[in-house]
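Source file: work-v2.cif. Holds: mmCIF, C-alpha atoms.
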data_structure
#
loop_
_atom_site.label_atom_id
_atom_site.label_comp_id
_atom_site.auth_asym_id
_atom_site.auth_seq_id
_atom_site.Cartn_x
_atom_site.Cartn_y
_atom_site.Cartn_z
CA MET A 486 39.58 -19.79 85.31
CA ASN A 487 38.29 -19.23 81.79
CA ARG A 488 35.91 -21.29 79.66
CA LYS A 489 38.48 -21.01 76.85
CA TYR A 490 40.66 -23.45 78.76
CA LEU A 491 38.09 -25.79 80.32
CA ARG A 492 35.78 -27.53 77.88
CA ALA A 493 33.45 -30.52 77.97
CA ALA A 494 34.22 -33.06 75.27
CA ILE A 495 32.73 -36.20 73.76
CA PHE A 496 34.85 -39.02 72.41
CA HIS A 497 32.95 -41.17 69.93
CA ASN A 498 32.52 -44.73 71.28
CA TYR A 499 34.19 -43.76 74.55
CA GLY A 500 32.09 -41.18 76.35
CA THR A 501 32.35 -37.76 77.91
CA SER A 502 35.59 -36.16 78.93
CA LEU A 503 37.04 -32.81 79.86
CA TYR A 504 39.68 -30.80 78.05
CA VAL A 505 41.75 -29.04 80.70
CA GLY A 506 44.23 -26.40 79.60
CA LEU A 507 46.90 -25.96 82.22
CA GLY A 508 49.96 -23.72 82.11
CA ILE A 509 52.91 -24.58 84.31
CA PRO A 510 55.95 -22.27 84.43
CA ILE A 511 59.22 -24.16 84.63
CA PRO A 512 61.92 -22.33 86.60
CA LEU A 513 65.36 -22.81 85.03
CA LEU A 514 67.20 -23.75 88.21
CA ASP A 515 70.14 -25.65 86.74
CA GLU A 516 71.76 -26.75 83.48
CA GLU A 517 69.94 -30.08 83.51
CA ILE A 518 66.54 -28.33 83.39
CA VAL A 519 67.77 -26.02 80.61
CA ARG A 520 68.99 -29.01 78.58
CA THR A 521 65.58 -30.66 78.96
CA VAL A 522 63.41 -27.65 78.07
CA VAL A 523 65.35 -26.85 74.88
CA LEU A 524 64.69 -30.29 73.34
CA CYS A 525 63.03 -29.89 69.96
CA ASN A 526 60.30 -31.98 68.30
CA GLU A 527 62.89 -34.14 66.51
CA GLU A 528 64.32 -35.17 69.90
CA LEU A 529 61.04 -35.88 71.67
CA LYS A 530 60.09 -39.52 71.20
CA ALA A 531 56.78 -41.29 71.57
CA THR A 532 56.04 -45.02 71.59
CA VAL A 533 53.28 -46.23 69.26
CA TYR A 534 50.73 -48.65 70.67
CA ASP A 535 47.85 -50.47 69.04
CA TYR A 536 44.76 -49.58 71.04
CA GLY A 537 42.89 -52.34 69.23
CA VAL A 538 44.75 -54.79 71.47
CA GLN A 539 42.44 -55.30 74.45
CA GLN A 540 44.99 -55.61 77.19
CA ARG A 541 46.81 -53.21 79.39
CA ALA A 542 50.31 -54.41 78.49
CA ARG A 543 49.95 -53.59 74.78
CA PRO A 544 52.87 -54.48 72.53
CA ALA A 545 54.85 -51.47 71.31
CA LEU A 546 54.81 -51.08 67.51
CA GLY A 547 57.69 -48.64 67.32
CA VAL A 548 59.12 -45.31 68.40
CA VAL A 549 58.60 -42.05 66.48
CA SER A 550 59.47 -38.41 67.11
CA TYR A 551 57.02 -35.57 67.70
CA ALA A 552 58.29 -33.96 64.49
CA GLU A 553 57.22 -37.04 62.55
CA LEU A 554 53.84 -37.13 64.33
CA ARG A 555 53.21 -33.46 63.56
CA SER A 556 54.04 -33.96 59.86
CA GLY A 557 50.72 -35.79 59.39
CA LYS A 558 52.20 -39.20 58.64
CA ILE A 559 54.63 -41.67 60.12
CA GLU A 560 56.31 -44.73 58.72
CA LEU A 561 55.85 -47.85 60.76
CA ASN A 562 57.05 -51.31 59.71
CA GLY A 563 57.34 -50.09 56.11
CA LYS A 564 53.82 -48.68 56.00
CA VAL A 565 52.89 -44.98 55.85
CA ILE A 566 50.25 -44.21 58.47
CA PRO A 567 48.35 -40.90 58.77
CA THR A 568 48.59 -39.16 62.14
CA ALA A 569 46.42 -36.57 63.88
CA PRO A 570 46.58 -34.94 67.31
CA LEU A 571 43.90 -35.01 70.00
CA SER A 572 45.15 -32.17 72.17
CA SER A 573 45.24 -28.60 71.00
CA LEU A 574 48.64 -27.12 70.21
CA GLU A 575 46.88 -23.83 69.43
CA LYS A 576 45.42 -23.69 72.97
CA ALA A 577 48.75 -24.76 74.49
CA ARG A 578 50.49 -21.87 72.73
CA SER A 579 47.86 -19.34 73.78
CA ILE A 580 48.12 -20.51 77.42
CA ALA A 581 51.92 -20.28 77.29
CA THR A 582 51.70 -16.78 75.77
CA GLU A 583 49.23 -15.62 78.42
CA LEU A 584 51.33 -17.05 81.24
CA LYS A 585 54.45 -15.43 79.77
CA GLU A 586 52.66 -12.05 79.75
CA TRP A 587 51.67 -12.47 83.41
CA ILE A 588 55.28 -13.22 84.32
CA ILE A 589 56.70 -10.31 82.27
CA ASN A 590 54.12 -7.91 83.74
CA GLY A 591 54.92 -9.10 87.27
CA GLN A 592 51.40 -10.43 87.80
CA PHE A 593 52.43 -14.01 88.48
CA TYR A 594 53.55 -14.82 92.01
CA LEU A 595 54.99 -17.91 93.62
CA THR A 596 53.19 -18.79 96.84
CA GLU A 597 53.32 -21.50 99.46
CA PRO A 598 51.37 -24.60 98.31
CA VAL A 599 47.71 -24.50 99.37
CA ALA A 600 47.50 -28.30 99.51
CA SER A 601 49.52 -31.12 98.08
CA LEU A 602 48.17 -33.06 95.12
CA PRO A 603 46.79 -36.49 96.01
CA TRP A 604 49.51 -39.04 95.44
CA ARG A 605 49.07 -42.71 94.82
CA ASP A 606 51.14 -45.39 93.28
CA GLY A 607 50.41 -47.02 89.94
CA VAL A 608 48.40 -46.14 86.85
CA LYS A 609 44.66 -45.78 86.77
CA PRO A 610 43.60 -47.54 83.56
CA LEU A 611 40.92 -46.19 81.23
CA ARG A 612 38.36 -48.82 80.34
CA GLU A 613 36.96 -48.73 76.85
CA GLU A 614 33.19 -48.69 76.39
CA VAL A 615 31.76 -49.92 73.11
CA MET B 530 34.32 -21.33 34.37
CA ALA B 531 31.15 -22.74 35.90
CA LYS B 532 31.34 -25.47 38.48
CA ARG B 533 28.45 -27.43 39.95
CA ARG B 534 28.05 -30.31 42.37
CA VAL B 535 25.20 -32.73 41.86
CA VAL B 536 23.85 -35.94 43.37
CA LEU B 537 22.82 -38.46 40.71
CA THR B 538 20.57 -41.41 41.45
CA PHE B 539 20.64 -44.18 38.86
CA PRO B 540 17.59 -46.46 38.90
CA GLN B 541 18.26 -50.20 38.76
CA GLU B 542 17.84 -50.51 34.97
CA LEU B 543 20.46 -47.85 34.25
CA THR B 544 23.31 -49.18 36.37
CA GLU B 545 24.78 -51.32 33.61
CA ARG B 546 24.80 -48.64 30.90
CA PRO B 547 27.63 -46.15 30.41
CA ILE B 548 25.98 -42.77 30.91
CA THR B 549 28.29 -40.26 32.57
CA TYR B 550 30.69 -40.92 29.71
CA HIS B 551 28.37 -38.88 27.48
CA LEU B 552 28.85 -35.83 29.72
CA VAL B 553 32.48 -35.87 28.71
CA LYS B 554 32.13 -36.88 25.08
CA ASP B 555 28.99 -35.04 23.98
CA TYR B 556 28.86 -32.07 26.37
CA ASP B 557 32.59 -31.50 26.82
CA LEU B 558 32.31 -31.42 30.62
CA ALA B 559 35.03 -32.34 33.07
CA ILE B 560 33.66 -34.69 35.70
CA ASN B 561 35.15 -35.29 39.09
CA ILE B 562 33.64 -38.18 41.03
CA LEU B 563 33.42 -37.18 44.69
CA LYS B 564 31.47 -40.16 45.95
CA ALA B 565 30.14 -43.26 44.21
CA LYS B 566 28.12 -46.30 45.19
CA ILE B 567 27.12 -48.32 42.18
CA THR B 568 26.26 -52.00 42.32
CA PRO B 569 25.04 -53.61 39.07
CA GLY B 570 21.44 -54.67 39.45
CA GLU B 571 20.81 -52.21 42.26
CA GLU B 572 20.28 -48.49 42.56
CA GLY B 573 23.38 -46.36 42.08
CA LYS B 574 24.42 -43.06 43.67
CA LEU B 575 27.03 -40.72 42.29
CA VAL B 576 28.16 -37.36 43.59
CA LEU B 577 29.82 -35.42 40.79
CA GLU B 578 31.49 -32.10 40.36
CA LEU B 579 30.95 -30.78 36.85
CA SER B 580 33.26 -28.16 35.45
CA ASN B 581 35.07 -27.05 32.30
CA GLY B 582 31.85 -25.82 30.67
CA SER B 583 29.50 -22.84 30.64
CA PRO B 584 26.40 -22.97 32.93
CA GLU B 585 24.36 -23.69 29.75
CA LYS B 586 26.54 -26.68 28.81
CA ILE B 587 26.17 -28.05 32.34
CA ASP B 588 22.38 -27.60 32.14
CA GLU B 589 22.30 -29.41 28.79
CA GLY B 590 24.34 -32.27 30.20
CA LEU B 591 22.05 -32.58 33.23
CA ASP B 592 18.97 -32.44 30.96
CA PHE B 593 20.43 -35.34 29.02
CA LEU B 594 20.88 -37.33 32.24
CA GLU B 595 17.27 -36.69 33.28
CA LYS B 596 16.03 -37.83 29.86
CA GLN B 597 17.89 -41.09 30.43
CA GLY B 598 16.03 -41.57 33.70
CA VAL B 599 18.72 -40.38 36.12
CA ILE B 600 17.43 -38.37 39.08
CA VAL B 601 19.49 -35.16 39.35
CA GLN B 602 19.62 -33.22 42.61
CA PRO B 603 21.95 -30.41 43.61
CA LEU B 604 24.45 -31.30 46.34
CA SER B 605 22.73 -29.19 48.95
CA LYS B 606 24.26 -30.75 52.04
CA GLU B 607 27.12 -28.85 53.50
CA ILE B 608 29.47 -29.24 56.44
CA VAL B 609 29.52 -26.23 58.74
CA LEU B 610 32.08 -25.54 61.40
CA GLU B 611 31.32 -23.25 64.33
CA GLU B 612 34.76 -21.70 64.27
CA GLU B 613 34.57 -19.63 67.45
CA GLU B 614 33.76 -22.79 69.48
CA CYS B 615 36.51 -24.95 67.89
CA ILE B 616 39.51 -25.68 70.11
CA HIS B 617 41.71 -26.82 67.19
CA CYS B 618 42.38 -30.25 68.74
CA GLY B 619 42.69 -31.83 65.28
CA ALA B 620 40.59 -34.95 65.97
CA CYS B 621 38.54 -34.32 62.82
CA THR B 622 41.66 -34.22 60.63
CA ALA B 623 42.25 -37.91 61.42
CA VAL B 624 39.09 -38.99 59.59
CA CYS B 625 39.06 -36.36 56.82
CA THR B 626 40.46 -38.36 53.91
CA SER B 627 39.62 -35.66 51.35
CA GLY B 628 42.00 -33.27 53.13
CA ALA B 629 39.36 -30.53 53.58
CA LEU B 630 40.03 -30.32 57.31
CA ARG B 631 43.64 -29.84 58.29
CA LEU B 632 45.74 -28.05 60.83
CA ASP B 633 47.82 -25.17 59.59
CA PRO B 634 51.42 -26.20 60.38
CA GLN B 635 52.37 -22.64 61.35
CA THR B 636 49.41 -21.44 63.42
CA ALA B 637 48.21 -24.92 64.54
CA ARG B 638 44.67 -23.71 63.82
CA LEU B 639 42.06 -25.79 62.01
CA VAL B 640 41.52 -24.81 58.38
CA PHE B 641 38.41 -25.95 56.50
CA ASP B 642 38.64 -25.99 52.72
CA ARG B 643 35.01 -26.20 51.58
CA GLU B 644 36.10 -26.87 47.98
CA LYS B 645 37.72 -30.17 48.99
CA CYS B 646 34.85 -31.34 51.20
CA ILE B 647 32.86 -34.31 49.85
CA VAL B 648 30.31 -34.21 52.71
CA CYS B 649 31.14 -37.75 53.87
CA GLU B 650 30.17 -36.59 57.39
CA LEU B 651 32.87 -38.64 59.18
CA CYS B 652 34.04 -35.49 60.97
CA VAL B 653 30.64 -34.97 62.64
CA PRO B 654 30.99 -37.73 65.29
CA ALA B 655 34.80 -37.30 65.39
CA CYS B 656 34.50 -33.72 66.67
CA THR B 657 35.02 -33.79 70.43
CA MET B 658 33.37 -30.38 70.83
CA ARG B 659 30.39 -31.23 68.59
CA VAL B 660 30.87 -28.03 66.61
CA ILE B 661 30.85 -29.67 63.16
CA LYS B 662 27.37 -30.04 61.72
CA VAL B 663 25.65 -31.02 58.47
CA MET B 664 23.41 -28.36 56.97
CA PHE B 665 20.71 -29.19 54.45
#
Translate the structure described by the file into structure tokens.
Amino acid sequence: MNRKYLRAAIFHNYGTSLYVGLGIPIPLLDEEIVRTVVLCNEELKATVYDYGVQQRARPALGVVSYAELRSGKIELNGKVIPTAPLSSLEKARSIATELKEWIINGQFYLTEPVASLPWRDGVKPLREEV
Amino acid sequence: MAKRRVVLTFPQELTERPITYHLVKDYDLAINILKAKITPGEEGKLVLELSNGSPEKIDEGLDFLEKQGVIVQPLSKEIVLEEEECIHCGACTAVCTSGALRLDPQTARLVFDREKCIVCELCVPACTMRVIKVMF
């Protein structure tokens, strides 16, 4: 555990939150996993929602790729819209690099699970506070 | 080439007269309007960047403005970023319309270009780590 990867955050008009940096090694067990992990930003798609719509089943405005999102602007219904991230790619890369070093140096071990993660069905919605 | 940023306050009676035009015509200065709020019949505020002249020419131009009744103050506010505490999430880049705050596409690190900053202060509440501050 390192403070670099666990930080308190404040979202304006929402409240407090926590940035959690987590590194998960993915074992390449079969071709299907390999095919999935080599997907590039152009192939990763995200659906655009309007968070101004105050209902859980928000209408989808369109689908864009991560490459488009990272470029700083997307085109949606003929309009150019600026984009910005909220999670840190810089931190993600530094976590991945650190984890890679552990694995290469033989410092990362697979163990039996300590406990299973709590599992429950459905999505826990975030309620907006104004 | 000298460059200076100033905050100009136009009292009510001056808002309907062309004044900054003289900076260009008579003092040969290049003016770049960074921020403006001018309503005829009310007080006006203008944040300008003056360049293209010697420090003396800029002083002369500003003297002229003061003689006309414009209050001239240096743009002393500044945005400061505590870089070692920044996590480079990019939330501030969403509100930075001047393009002073942006993520480097290669390193994914936040880059702050002070030259482009117009001190609009929108990034201050947008920063999730509260590491962007206004300094006076």
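Near segment 580-585 of chain B, within 9 Å and counting all atoms listed in the file, sit Met530, Ala531, Lys532, Arg533, Arg534, Tyr556, Asp557, Leu558, Ala559, Ile560, Asn561 and Gly590 of chain B, not including residues fewer than 5 positions from it in the same chain.
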Legend entry - Contacts of Tyr534 of chain A within 12 Å, only C-alpha atoms, excl. fewer than 6 positions in-chain, as a list in words: Gln540, Arg541, Ala542, Arg543, Pro544, Ala545, Leu546, Gly547, Val548, Val549 and Leu561 of chain A
Inset, instruction - Specify as a PyMOL selection string all residues of chain B found within 12 Å of chain A, counting all atoms listed in the file. - result: chain B and resi 613-626+628+630-639+651-660
Inset, instruction - May I ask for the distance between atom CA of Ile600 of chain B and atom CA of Leu575 of chain B, given in Å to one decimal place? - result: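 Atom-to-atom, atom CA of Ile600 of chain B to atom CA of Leu575 of chain B, that is 10.4 Å.
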Test item: axis-aligned box, all listed atoms of segment 607-614 of chain B, 5 Å on each side, centre and edges in Å rounded to one decimal, as AutoDock Vina command-line options:
--center_x 30.9 --center_y -24.4 --center_z 61.5 --size_x 17.6 --size_y 19.6 --size_z 26.0
Please enumerate the residues selected by the PyMOL selection byres ((chain A and resi 531) around 7) when evaluated against the supplied file, formatted as a compact mmCIF listing (two decimals) with C-alpha atoms, in the frame of the given file.
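Listing of selection_31.txt after writing:
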# COMPACT_ATOMS: atom_id res chain seq x y z
CA LEU A 529 61.04 -35.88 71.67
CA LYS A 530 60.09 -39.52 71.20
CA THR A 532 56.04 -45.02 71.59
CA VAL A 533 53.28 -46.23 69.26
CA VAL A 548 59.12 -45.31 68.40
CA VAL A 549 58.60 -42.05 66.48
CA SER A 550 59.47 -38.41 67.11
CA TYR A 551 57.02 -35.57 67.70
Inset, instruction - Expand the PyMOL selection byres ((chain B and resi 572) around 9) into the individual residues it matches in the shown file, reporting them as a VMD selection string. - result: chain B and resid 538 to 544 566 to 571 573 to 574
Inset, instruction - Spell out the residues picked by the PyMOL selection byres ((chain B and resi 647) around 9) here, as a PyMOL selection string. - result: chain B and resi 563-564+576+607-608+627+629+643-646+648-650
Using the selection just defined, write its residues with C-alpha atoms as a PDB file, in the frame of the given file.
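selection10.pdb written:
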ATOM      1  CA  LEU B 563      33.420 -37.180  44.690  1.00  0.00           C
ATOM      2  CA  LYS B 564      31.470 -40.160  45.950  1.00  0.00           C
ATOM      3  CA  VAL B 576      28.160 -37.360  43.590  1.00  0.00           C
ATOM      4  CA  GLU B 607      27.120 -28.850  53.500  1.00  0.00           C
ATOM      5  CA  ILE B 608      29.470 -29.240  56.440  1.00  0.00           C
ATOM      6  CA  SER B 627      39.620 -35.660  51.350  1.00  0.00           C
ATOM      7  CA  ALA B 629      39.360 -30.530  53.580  1.00  0.00           C
ATOM      8  CA  ARG B 643      35.010 -26.200  51.580  1.00  0.00           C
ATOM      9  CA  GLU B 644      36.100 -26.870  47.980  1.00  0.00           C
ATOM     10  CA  LYS B 645      37.720 -30.170  48.990  1.00  0.00           C
ATOM     11  CA  CYS B 646      34.850 -31.340  51.200  1.00  0.00           C
ATOM     12  CA  VAL B 648      30.310 -34.210  52.710  1.00  0.00           C
ATOM     13  CA  CYS B 649      31.140 -37.750  53.870  1.00  0.00           C
ATOM     14  CA  GLU B 650      30.170 -36.590  57.390  1.00  0.00           C
TER      15      GLU B 650
END
Legend entry - Between atom CA of Glu528 of chain A and atom CA of Ile566 of chain A - distance in Å to one decimal: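 Straight-line distance from atom CA of Ile566 of chain A to atom CA of Glu528 of chain A works out to 20.3 Å.
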Inset, instruction - Report the distance between atom CA of Ile559 of chain A and atom CA of Val522 of chain A in Å, rounded to one decimal place. - result: 24.4 Å
